[in-house]
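> Just so it is clear, I am handing over coords-v2.tsv, which has TSV, C-alpha atoms.
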chain	number	residue	atom	x	y	z
A	1455	MET	CA	-109.40	-181.36	-58.64
A	1456	ALA	CA	-112.95	-180.07	-58.95
A	1457	VAL	CA	-114.49	-177.59	-56.56
A	1458	THR	CA	-117.87	-178.17	-54.94
A	1459	LEU	CA	-120.91	-175.92	-55.13
A	1460	HIS	CA	-123.00	-176.94	-52.14
A	1461	VAL	CA	-126.63	-175.92	-52.64
A	1462	CYS	CA	-128.94	-175.87	-49.63
A	1463	ILE	CA	-131.95	-177.91	-50.71
A	1464	THR	CA	-134.09	-177.01	-47.70
A	1465	CYS	CA	-134.20	-173.22	-48.28
A	1466	ARG	CA	-137.84	-172.07	-48.40
A	1467	VAL	CA	-137.07	-168.34	-48.43
A	1468	HIS	CA	-139.78	-167.64	-45.84
A	1469	ARG	CA	-142.53	-169.13	-47.98
A	1470	ALA	CA	-144.80	-172.08	-47.42
A	1471	VAL	CA	-144.32	-174.89	-49.91
A	1472	GLY	CA	-147.52	-176.34	-51.35
A	1473	GLU	CA	-148.18	-180.06	-51.75
A	1474	GLY	CA	-146.24	-181.42	-54.72
A	1475	GLU	CA	-144.13	-178.25	-55.00
A	1476	SER	CA	-140.36	-178.08	-54.59
A	1477	CYS	CA	-138.89	-175.52	-52.23
A	1478	ALA	CA	-136.72	-172.78	-53.72
A	1479	GLY	CA	-133.48	-174.47	-52.63
A	1480	ALA	CA	-134.39	-177.75	-54.31
A	1481	ARG	CA	-135.26	-175.87	-57.52
A	1482	LEU	CA	-131.93	-174.05	-57.45
A	1483	HIS	CA	-130.08	-177.34	-56.93
A	1484	ASP	CA	-131.89	-178.98	-59.85
A	1485	ALA	CA	-131.15	-176.08	-62.17
A	1486	ALA	CA	-127.49	-175.81	-61.11
A	1487	ARG	CA	-126.65	-179.49	-61.48
A	1488	HIS	CA	-127.97	-179.54	-65.03
A	1489	SER	CA	-125.77	-176.63	-66.07
A	1490	ALA	CA	-122.66	-176.99	-63.92
A	1491	PRO	CA	-119.53	-175.63	-65.61
A	1492	GLU	CA	-116.41	-177.75	-66.02
A	1493	GLY	CA	-114.55	-178.30	-62.77
A	1494	VAL	CA	-117.62	-177.62	-60.60
A	1495	VAL	CA	-119.47	-180.45	-58.85
A	1496	VAL	CA	-122.92	-179.51	-57.56
A	1497	ALA	CA	-123.83	-181.19	-54.28
A	1498	PRO	CA	-127.01	-180.95	-52.22
A	1499	VAL	CA	-126.74	-180.07	-48.55
A	1500	THR	CA	-129.47	-180.22	-45.95
A	1501	CYS	CA	-129.39	-176.78	-44.36
A	1502	LEU	CA	-126.46	-174.38	-44.38
A	1503	SER	CA	-127.94	-172.64	-41.30
A	1504	ALA	CA	-128.32	-169.41	-43.26
A	1505	CYS	CA	-132.11	-169.64	-43.36
A	1506	SER	CA	-132.71	-165.92	-42.97
A	1507	ARG	CA	-130.73	-165.35	-46.18
A	1508	GLY	CA	-131.80	-168.19	-48.50
A	1509	CYS	CA	-131.36	-169.46	-51.07
A	1510	ALA	CA	-127.88	-170.17	-49.82
A	1511	VAL	CA	-124.87	-171.91	-51.37
A	1512	ALA	CA	-121.25	-172.59	-50.39
A	1513	LEU	CA	-118.24	-172.88	-52.66
A	1514	ALA	CA	-115.38	-175.06	-51.39
A	1515	GLY	CA	-112.35	-176.72	-52.88
A	1516	PRO	CA	-108.95	-178.11	-52.01
A	1517	GLY	CA	-106.50	-175.42	-50.87
A	1518	ARG	CA	-109.15	-172.74	-51.27
A	1519	TRP	CA	-111.04	-170.32	-49.07
A	1520	THR	CA	-114.67	-171.40	-48.66
A	1521	TYR	CA	-117.36	-168.81	-49.46
A	1522	VAL	CA	-121.02	-168.79	-48.43
A	1523	TYR	CA	-123.50	-166.73	-50.42
A	1524	GLY	CA	-127.18	-166.04	-49.82
A	1525	GLY	CA	-130.16	-164.31	-51.34
A	1526	ILE	CA	-129.91	-166.31	-54.55
A	1527	ALA	CA	-133.09	-166.49	-56.62
A	1528	PRO	CA	-133.43	-169.78	-58.53
A	1529	GLU	CA	-135.33	-168.09	-61.35
A	1530	THR	CA	-132.95	-165.20	-62.08
A	1531	ASP	CA	-129.54	-165.81	-60.50
A	1532	LEU	CA	-128.45	-169.12	-62.01
A	1533	GLY	CA	-126.26	-167.46	-64.66
A	1534	PRO	CA	-124.16	-165.30	-62.34
A	1535	LEU	CA	-124.03	-168.10	-59.75
A	1536	LEU	CA	-122.47	-170.54	-62.21
A	1537	GLU	CA	-120.25	-167.83	-63.68
A	1538	GLY	CA	-118.93	-167.11	-60.19
A	1539	ALA	CA	-118.48	-170.83	-59.49
A	1540	ALA	CA	-116.43	-171.23	-62.68
A	1541	LEU	CA	-114.19	-168.29	-61.71
A	1542	TYR	CA	-113.75	-169.84	-58.27
A	1543	ALA	CA	-112.79	-173.16	-59.85
A	1544	GLY	CA	-110.21	-171.37	-61.98
A	1545	SER	CA	-108.60	-169.57	-59.05
A	1546	ALA	CA	-105.62	-170.92	-57.13
A	1547	ASP	CA	-106.87	-170.17	-53.61
A	1548	GLY	CA	-110.57	-169.46	-54.05
A	1549	ILE	CA	-110.12	-165.69	-54.02
A	1550	VAL	CA	-111.46	-164.20	-57.25
A	1551	PRO	CA	-110.36	-160.57	-57.77
A	1552	TRP	CA	-113.14	-158.16	-56.75
A	1553	ARG	CA	-113.41	-156.61	-60.20
A	1554	ASP	CA	-114.07	-160.02	-61.76
A	1555	ARG	CA	-116.74	-161.18	-59.30
A	1556	PRO	CA	-120.34	-161.22	-60.46
A	1557	GLU	CA	-122.41	-158.50	-58.80
A	1558	LEU	CA	-124.37	-161.36	-57.14
A	1559	PHE	CA	-121.24	-162.41	-55.25
A	1560	ARG	CA	-120.22	-158.85	-54.37
A	1561	ARG	CA	-123.58	-158.12	-52.79
A	1562	ASN	CA	-124.46	-161.44	-51.21
A	1563	VAL	CA	-121.49	-162.86	-49.36
A	1564	ILE	CA	-122.50	-164.23	-45.96
A	1565	ALA	CA	-119.11	-165.46	-44.75
A	1566	ARG	CA	-115.84	-166.99	-45.87
A	1567	MET	CA	-113.44	-169.36	-44.17
A	1568	PRO	CA	-109.71	-169.96	-44.68
A	1569	PRO	CA	-108.40	-173.09	-46.38
A	1570	ARG	CA	-107.98	-176.03	-44.08
A	1571	GLU	CA	-104.54	-177.02	-42.99
A	1572	PHE	CA	-105.50	-180.62	-42.25
B	509	MET	CA	-106.60	-184.07	-33.86
B	510	ALA	CA	-107.39	-180.59	-32.56
B	511	VAL	CA	-110.11	-178.38	-33.95
B	512	THR	CA	-109.49	-174.77	-34.94
B	513	LEU	CA	-111.28	-171.70	-33.62
B	514	HIS	CA	-110.66	-169.07	-36.28
B	515	VAL	CA	-111.12	-165.58	-34.83
B	516	CYS	CA	-111.51	-162.66	-37.22
B	517	ILE	CA	-108.94	-160.11	-36.02
B	518	THR	CA	-110.19	-157.29	-38.25
B	519	CYS	CA	-113.74	-157.05	-36.83
B	520	ARG	CA	-114.40	-153.47	-35.71
B	521	VAL	CA	-118.10	-153.95	-34.99
B	522	HIS	CA	-119.01	-150.70	-36.75
B	523	ARG	CA	-116.78	-148.63	-34.48
B	524	ALA	CA	-113.76	-146.48	-35.23
B	525	VAL	CA	-110.58	-147.73	-33.57
B	526	GLY	CA	-108.50	-145.04	-31.86
B	527	GLU	CA	-104.74	-144.76	-32.17
B	528	GLY	CA	-103.02	-147.40	-30.05
B	529	GLU	CA	-106.30	-149.29	-29.51
B	530	SER	CA	-106.99	-152.85	-30.64
B	531	CYS	CA	-110.13	-153.55	-32.62
B	532	ALA	CA	-112.74	-155.83	-31.03
B	533	GLY	CA	-111.71	-158.85	-33.11
B	534	ALA	CA	-108.07	-158.56	-32.06
B	535	ARG	CA	-109.13	-158.31	-28.40
B	536	LEU	CA	-111.31	-161.40	-28.75
B	537	HIS	CA	-108.45	-163.32	-30.36
B	538	ASP	CA	-106.04	-162.34	-27.58
B	539	ALA	CA	-108.47	-163.36	-24.88
B	540	ALA	CA	-109.37	-166.65	-26.57
B	541	ARG	CA	-105.83	-167.82	-27.21
B	542	HIS	CA	-104.89	-167.34	-23.58
B	543	SER	CA	-107.78	-169.51	-22.38
B	544	ALA	CA	-108.23	-172.08	-25.14
B	545	PRO	CA	-109.57	-175.39	-23.85
B	546	GLU	CA	-107.80	-178.66	-24.58
B	547	GLY	CA	-108.16	-179.77	-28.18
B	548	VAL	CA	-108.89	-176.26	-29.48
B	549	VAL	CA	-106.28	-174.26	-31.41
B	550	VAL	CA	-107.08	-170.55	-31.71
B	551	ALA	CA	-105.99	-169.05	-35.03
B	552	PRO	CA	-106.26	-165.47	-36.28
B	553	VAL	CA	-107.90	-164.85	-39.64
B	554	THR	CA	-107.98	-161.61	-41.59
B	555	CYS	CA	-111.65	-161.09	-42.33
B	556	LEU	CA	-114.33	-163.77	-42.39
B	557	SER	CA	-116.47	-161.51	-44.62
B	558	ALA	CA	-119.16	-161.37	-41.94
B	559	CYS	CA	-118.45	-157.72	-41.11
B	560	SER	CA	-122.08	-156.79	-40.53
B	561	ARG	CA	-122.22	-159.40	-37.75
B	562	GLY	CA	-118.86	-159.08	-35.96
B	563	CYS	CA	-117.14	-160.18	-33.90
B	564	ALA	CA	-117.13	-163.33	-35.96
B	565	VAL	CA	-115.48	-166.73	-35.51
B	566	ALA	CA	-115.45	-170.06	-37.33
B	567	LEU	CA	-115.05	-173.53	-35.85
B	568	ALA	CA	-113.53	-176.16	-38.14
B	569	GLY	CA	-111.95	-179.57	-37.71
B	570	PRO	CA	-111.18	-182.78	-39.56
B	571	GLY	CA	-114.31	-184.69	-40.54
B	572	ARG	CA	-116.53	-182.03	-39.00
B	573	TRP	CA	-119.10	-179.53	-40.16
B	574	THR	CA	-117.72	-175.98	-40.05
B	575	TYR	CA	-119.76	-173.38	-38.15
B	576	VAL	CA	-119.56	-169.59	-38.38
B	577	TYR	CA	-120.87	-167.48	-35.50
B	578	GLY	CA	-121.22	-163.72	-35.18
B	579	GLY	CA	-122.25	-161.04	-32.74
B	580	ILE	CA	-119.67	-162.17	-30.18
B	581	ALA	CA	-118.71	-159.55	-27.59
B	582	PRO	CA	-115.07	-159.88	-26.44
B	583	GLU	CA	-115.91	-158.55	-22.98
B	584	THR	CA	-118.84	-160.83	-22.12
B	585	ASP	CA	-118.98	-163.83	-24.47
B	586	LEU	CA	-115.58	-165.47	-24.00
B	587	GLY	CA	-116.90	-168.07	-21.55
B	588	PRO	CA	-119.74	-169.44	-23.71
B	589	LEU	CA	-117.56	-169.17	-26.83
B	590	LEU	CA	-114.87	-171.41	-25.35
B	591	GLU	CA	-117.46	-173.71	-23.79
B	592	GLY	CA	-119.04	-174.16	-27.23
B	593	ALA	CA	-115.62	-174.69	-28.83
B	594	ALA	CA	-114.82	-177.44	-26.30
B	595	LEU	CA	-118.13	-179.17	-27.03
B	596	TYR	CA	-117.40	-178.92	-30.75
B	597	ALA	CA	-113.94	-180.46	-30.18
B	598	GLY	CA	-115.55	-183.33	-28.28
B	599	SER	CA	-118.08	-184.11	-30.99
B	600	ALA	CA	-117.53	-186.66	-33.74
B	601	ASP	CA	-118.82	-184.60	-36.65
B	602	GLY	CA	-118.98	-181.03	-35.33
B	603	ILE	CA	-122.70	-181.23	-34.60
B	604	VAL	CA	-123.34	-180.54	-30.92
B	605	PRO	CA	-126.89	-181.49	-29.82
B	606	TRP	CA	-129.11	-178.38	-29.69
B	607	ARG	CA	-129.89	-178.79	-25.99
B	608	ASP	CA	-126.17	-178.74	-25.15
B	609	ARG	CA	-125.24	-175.68	-27.19
B	610	PRO	CA	-124.55	-172.44	-25.35
B	611	GLU	CA	-127.26	-169.85	-25.90
B	612	LEU	CA	-124.61	-167.79	-27.71
B	613	PHE	CA	-124.34	-170.46	-30.41
B	614	ARG	CA	-128.08	-171.01	-30.65
B	615	ARG	CA	-128.73	-167.33	-31.30
B	616	ASN	CA	-125.74	-166.36	-33.37
B	617	VAL	CA	-125.08	-168.92	-36.06
B	618	ILE	CA	-124.33	-167.27	-39.41
B	619	ALA	CA	-123.76	-170.38	-41.52
B	620	ARG	CA	-122.44	-173.90	-41.49
B	621	MET	CA	-120.76	-176.04	-44.13
B	622	PRO	CA	-120.51	-179.80	-44.54
B	623	PRO	CA	-117.26	-181.67	-43.90
B	624	ARG	CA	-114.92	-181.76	-46.84
B	625	GLU	CA	-114.56	-184.91	-48.82
B	626	PHE	CA	-111.12	-184.06	-50.12
Please re-express this file's structure in structure tokens.

Amino acid sequence: MAVTLHVCITCRVHRAVGEGESCAGARLHDAARHSAPEGVVVAPVTCLSACSRGCAVALAGPGRWTYVYGGIAPETDLGPLLEGAALYAGSADGIVPWRDRPELFRRNVIARMPPREF
Amino acid sequence: MAVTLHVCITCRVHRAVGEGESCAGARLHDAARHSAPEGVVVAPVTCLSACSRGCAVALAGPGRWTYVYGGIAPETDLGPLLEGAALYAGSADGIVPWRDRPELFRRNVIARMPPREF
């Protein structure tokens, strides 16, 4: 079963958004859903409550630890974000060995949560 | 069905732990499990990856948003933590109205994640 990459579409990264502009989170979501690797479903979420560390995303999947990452730049971090999401999708429990994680994930983890038992 | 209060039992809150001492996270877990309100199961977790903001906990439950909170002091914050957990348990979707949330939860949210669809 596919894993989900939740992308916060309300992240403004402390910047005002001009009329007709998209906020950074919405831009990241657009870019990610057009390039999602196999086994990764990209889903928008309205606020991950990690506003001080946007852009923020969460990776979740059945039987897996959930991970929240922040500080993701839509313009430069899409590659490592999707690489990390693909590795997560390929893992049994959501835990990708440290040596294999993109530098983006090593630096920018905000929190993780254990798999649900229900 | 009960909700789960995951308490990180490895949080040291930037302090060395002396021989025979418990770290702050383990003390918080011990205190919480002895006073858990109805409908709240307290479960230990080995690292929520929120080390810079310990003590850290996560509230999760079926059909509910998951919330991660940090900066919780075992000696002084047990009351509002369990009060907030009880309110979470009594909510339909994990979202407690802002005006009802303990100040501890208003100040110290680290992240939240949407309910799982799987």
> Please provide the set of residues having any atom within 12 Å of Ser1545 of chain A, restricted to only C-alpha atoms, with same-chain residues fewer than 4 positions apart removed, written as a list of chain:residue names.
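My list of contacting residues is A:Met1455, A:Ala1456, A:Val1457, A:Gly1493, A:Ala1514, A:Gly1515, A:Pro1516, A:Gly1517, A:Arg1518, A:Trp1519, A:Gly1538, A:Ala1539, A:Ala1540, A:Leu1541, A:Ile1549, A:Val1550, A:Pro1551, A:Asp1554, A:Arg1555.
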> Residues near segment 1509-1511 of chain A, anyone? I mean within 9 Å using only C-alpha atoms, not counting same-chain ones fewer than 3 positions away, as an NGL selection string.
:A and (1459-1467 or 1478-1479 or 1482 or 1499 or 1501-1506 or 1521-1528 or 1564)
> Kindly save the residues from that selection, with C-alpha atoms included, as a PDB file, keeping the file's coordinate frame.

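Result saved to out03.pdb:
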ATOM      1  CA  LEU A1459    -120.910-175.920 -55.130  1.00  0.00           C
ATOM      2  CA  HIS A1460    -123.000-176.940 -52.140  1.00  0.00           C
ATOM      3  CA  VAL A1461    -126.630-175.920 -52.640  1.00  0.00           C
ATOM      4  CA  CYS A1462    -128.940-175.870 -49.630  1.00  0.00           C
ATOM      5  CA  ILE A1463    -131.950-177.910 -50.710  1.00  0.00           C
ATOM      6  CA  THR A1464    -134.090-177.010 -47.700  1.00  0.00           C
ATOM      7  CA  CYS A1465    -134.200-173.220 -48.280  1.00  0.00           C
ATOM      8  CA  ARG A1466    -137.840-172.070 -48.400  1.00  0.00           C
ATOM      9  CA  VAL A1467    -137.070-168.340 -48.430  1.00  0.00           C
ATOM     10  CA  ALA A1478    -136.720-172.780 -53.720  1.00  0.00           C
ATOM     11  CA  GLY A1479    -133.480-174.470 -52.630  1.00  0.00           C
ATOM     12  CA  LEU A1482    -131.930-174.050 -57.450  1.00  0.00           C
ATOM     13  CA  VAL A1499    -126.740-180.070 -48.550  1.00  0.00           C
ATOM     14  CA  CYS A1501    -129.390-176.780 -44.360  1.00  0.00           C
ATOM     15  CA  LEU A1502    -126.460-174.380 -44.380  1.00  0.00           C
ATOM     16  CA  SER A1503    -127.940-172.640 -41.300  1.00  0.00           C
ATOM     17  CA  ALA A1504    -128.320-169.410 -43.260  1.00  0.00           C
ATOM     18  CA  CYS A1505    -132.110-169.640 -43.360  1.00  0.00           C
ATOM     19  CA  SER A1506    -132.710-165.920 -42.970  1.00  0.00           C
ATOM     20  CA  TYR A1521    -117.360-168.810 -49.460  1.00  0.00           C
ATOM     21  CA  VAL A1522    -121.020-168.790 -48.430  1.00  0.00           C
ATOM     22  CA  TYR A1523    -123.500-166.730 -50.420  1.00  0.00           C
ATOM     23  CA  GLY A1524    -127.180-166.040 -49.820  1.00  0.00           C
ATOM     24  CA  GLY A1525    -130.160-164.310 -51.340  1.00  0.00           C
ATOM     25  CA  ILE A1526    -129.910-166.310 -54.550  1.00  0.00           C
ATOM     26  CA  ALA A1527    -133.090-166.490 -56.620  1.00  0.00           C
ATOM     27  CA  PRO A1528    -133.430-169.780 -58.530  1.00  0.00           C
ATOM     28  CA  ILE A1564    -122.500-164.230 -45.960  1.00  0.00           C
TER      29      ILE A1564
END
> Please superimpose chain A upon chain B, fitting all C-alpha atoms matched one to one in order, and report the result as a short mmCIF file (atom, residue, chain, number, x, y, z; two decimals) with C-alpha atoms, keeping the file's coordinate frame.

data_model
loop_
_atom_site.label_atom_id
_atom_site.label_comp_id
_atom_site.auth_asym_id
_atom_site.auth_seq_id
_atom_site.Cartn_x
_atom_site.Cartn_y
_atom_site.Cartn_z
CA MET A 1455 -106.62 -184.06 -33.88
CA ALA A 1456 -107.39 -180.59 -32.56
CA VAL A 1457 -110.11 -178.38 -33.96
CA THR A 1458 -109.48 -174.77 -34.94
CA LEU A 1459 -111.27 -171.71 -33.63
CA HIS A 1460 -110.64 -169.07 -36.28
CA VAL A 1461 -111.11 -165.58 -34.83
CA CYS A 1462 -111.50 -162.66 -37.21
CA ILE A 1463 -108.94 -160.12 -36.02
CA THR A 1464 -110.18 -157.30 -38.25
CA CYS A 1465 -113.73 -157.06 -36.82
CA ARG A 1466 -114.40 -153.47 -35.70
CA VAL A 1467 -118.11 -153.96 -34.99
CA HIS A 1468 -119.00 -150.69 -36.74
CA ARG A 1469 -116.79 -148.61 -34.47
CA ALA A 1470 -113.77 -146.48 -35.20
CA VAL A 1471 -110.59 -147.71 -33.56
CA GLY A 1472 -108.51 -145.03 -31.86
CA GLU A 1473 -104.73 -144.74 -32.18
CA GLY A 1474 -103.03 -147.39 -30.06
CA GLU A 1475 -106.30 -149.28 -29.51
CA SER A 1476 -107.00 -152.84 -30.64
CA CYS A 1477 -110.14 -153.55 -32.61
CA ALA A 1478 -112.75 -155.81 -31.02
CA GLY A 1479 -111.71 -158.83 -33.10
CA ALA A 1480 -108.08 -158.55 -32.06
CA ARG A 1481 -109.14 -158.30 -28.40
CA LEU A 1482 -111.32 -161.39 -28.74
CA HIS A 1483 -108.44 -163.30 -30.35
CA ASP A 1484 -106.04 -162.32 -27.57
CA ALA A 1485 -108.47 -163.36 -24.86
CA ALA A 1486 -109.38 -166.66 -26.56
CA ARG A 1487 -105.83 -167.81 -27.21
CA HIS A 1488 -104.90 -167.34 -23.57
CA SER A 1489 -107.77 -169.51 -22.37
CA ALA A 1490 -108.23 -172.07 -25.14
CA PRO A 1491 -109.57 -175.40 -23.87
CA GLU A 1492 -107.80 -178.67 -24.60
CA GLY A 1493 -108.14 -179.78 -28.20
CA VAL A 1494 -108.89 -176.26 -29.48
CA VAL A 1495 -106.28 -174.26 -31.40
CA VAL A 1496 -107.05 -170.55 -31.71
CA ALA A 1497 -105.98 -169.05 -35.03
CA PRO A 1498 -106.26 -165.47 -36.28
CA VAL A 1499 -107.90 -164.84 -39.64
CA THR A 1500 -107.96 -161.61 -41.58
CA CYS A 1501 -111.64 -161.09 -42.34
CA LEU A 1502 -114.31 -163.78 -42.38
CA SER A 1503 -116.46 -161.52 -44.62
CA ALA A 1504 -119.15 -161.37 -41.95
CA CYS A 1505 -118.46 -157.72 -41.13
CA SER A 1506 -122.09 -156.79 -40.54
CA ARG A 1507 -122.22 -159.40 -37.76
CA GLY A 1508 -118.86 -159.08 -35.97
CA CYS A 1509 -117.15 -160.18 -33.90
CA ALA A 1510 -117.12 -163.33 -35.96
CA VAL A 1511 -115.47 -166.73 -35.50
CA ALA A 1512 -115.44 -170.07 -37.33
CA LEU A 1513 -115.04 -173.53 -35.85
CA ALA A 1514 -113.52 -176.17 -38.14
CA GLY A 1515 -111.96 -179.57 -37.71
CA PRO A 1516 -111.19 -182.77 -39.55
CA GLY A 1517 -114.32 -184.71 -40.54
CA ARG A 1518 -116.53 -182.04 -39.01
CA TRP A 1519 -119.11 -179.53 -40.17
CA THR A 1520 -117.72 -175.99 -40.06
CA TYR A 1521 -119.76 -173.38 -38.16
CA VAL A 1522 -119.56 -169.58 -38.38
CA TYR A 1523 -120.86 -167.48 -35.52
CA GLY A 1524 -121.22 -163.72 -35.18
CA GLY A 1525 -122.24 -161.05 -32.73
CA ILE A 1526 -119.67 -162.16 -30.17
CA ALA A 1527 -118.70 -159.55 -27.59
CA PRO A 1528 -115.07 -159.88 -26.44
CA GLU A 1529 -115.91 -158.55 -22.98
CA THR A 1530 -118.85 -160.83 -22.13
CA ASP A 1531 -118.98 -163.83 -24.47
CA LEU A 1532 -115.59 -165.46 -24.00
CA GLY A 1533 -116.92 -168.07 -21.55
CA PRO A 1534 -119.74 -169.43 -23.71
CA LEU A 1535 -117.56 -169.17 -26.83
CA LEU A 1536 -114.87 -171.41 -25.36
CA GLU A 1537 -117.46 -173.71 -23.80
CA GLY A 1538 -119.03 -174.16 -27.23
CA ALA A 1539 -115.61 -174.70 -28.83
CA ALA A 1540 -114.81 -177.44 -26.30
CA LEU A 1541 -118.13 -179.19 -27.03
CA TYR A 1542 -117.38 -178.95 -30.74
CA ALA A 1543 -113.94 -180.47 -30.18
CA GLY A 1544 -115.55 -183.33 -28.28
CA SER A 1545 -118.09 -184.11 -31.00
CA ALA A 1546 -117.52 -186.66 -33.74
CA ASP A 1547 -118.82 -184.60 -36.67
CA GLY A 1548 -118.99 -181.06 -35.33
CA ILE A 1549 -122.71 -181.22 -34.60
CA VAL A 1550 -123.34 -180.55 -30.91
CA PRO A 1551 -126.89 -181.48 -29.83
CA TRP A 1552 -129.11 -178.38 -29.69
CA ARG A 1553 -129.88 -178.79 -25.99
CA ASP A 1554 -126.17 -178.74 -25.14
CA ARG A 1555 -125.23 -175.67 -27.20
CA PRO A 1556 -124.53 -172.44 -25.36
CA GLU A 1557 -127.27 -169.86 -25.91
CA LEU A 1558 -124.60 -167.78 -27.73
CA PHE A 1559 -124.34 -170.47 -30.41
CA ARG A 1560 -128.10 -171.01 -30.65
CA ARG A 1561 -128.73 -167.34 -31.30
CA ASN A 1562 -125.73 -166.36 -33.38
CA VAL A 1563 -125.07 -168.92 -36.07
CA ILE A 1564 -124.32 -167.27 -39.41
CA ALA A 1565 -123.77 -170.38 -41.53
CA ARG A 1566 -122.44 -173.91 -41.48
CA MET A 1567 -120.76 -176.03 -44.13
CA PRO A 1568 -120.52 -179.81 -44.54
CA PRO A 1569 -117.28 -181.68 -43.90
CA ARG A 1570 -114.94 -181.78 -46.84
CA GLU A 1571 -114.61 -184.94 -48.80
CA PHE A 1572 -111.15 -184.09 -50.12
#
> Which distance in Å separates atom CA of Arg1560 of chain A and atom CA of Ala1543 of chain A, to one decimal?
17.0 Å
> What is the atom CA of Met621 of chain B to atom CA of Ala1512 of chain A distance in Å?
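Here the two named atoms are 7.2 Å from each other.
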> Measuring between all atoms listed in the file, which one of A:Ala1546, A:Ala1565, A:Leu1535, A:Leu1513 shows the shortest distance to chain B?
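Looking at the shortest contact to chain B, the residue is A:Ala1565.
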> What does the distance between atom CA of Arg1469 of chain A and atom CA of Pro623 of chain B come to in Å, to one decimal place?
28.5 Å
> Which residue gives the smallest distance to chain B among A:Leu1536, A:Ala1480, A:His1468, A:Pro1498, with all atoms listed in the file counted?
A:Pro1498
> Do you know which residues are at most 10 Å from Ser543 of chain B counting all atoms listed in the file, after dropping those on the same chain fewer than 4 positions away, and could you put them as a JSON list (two decimals) with C-alpha atoms, in the frame of the given file?

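As written to disk, out-v6.json reads:
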[["chain", "number", "residue", "atom", "x", "y", "z"],
["B", 538, "ASP", "CA", -106.04, -162.34, -27.58],
["B", 539, "ALA", "CA", -108.47, -163.36, -24.88],
["B", 548, "VAL", "CA", -108.89, -176.26, -29.48],
["B", 550, "VAL", "CA", -107.08, -170.55, -31.71],
["B", 586, "LEU", "CA", -115.58, -165.47, -24.00],
["B", 587, "GLY", "CA", -116.90, -168.07, -21.55],
["B", 590, "LEU", "CA", -114.87, -171.41, -25.35]]
> Taking only C-alpha atoms into account, which of B:Pro588, B:Ala524, B:Glu546, B:Thr512 comes nearest chain A?
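Among the listed residues, B:Thr512 lies closest to chain A.
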> Using all atoms listed in the file, can you tell me which of B:Gly562, B:Pro610, B:Gly526, B:Pro545 comes closest to chain A?
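Checking each of B:Gly562, B:Pro610, B:Gly526, B:Pro545 against chain A, counting all atoms listed in the file, the winner is B:Gly562.
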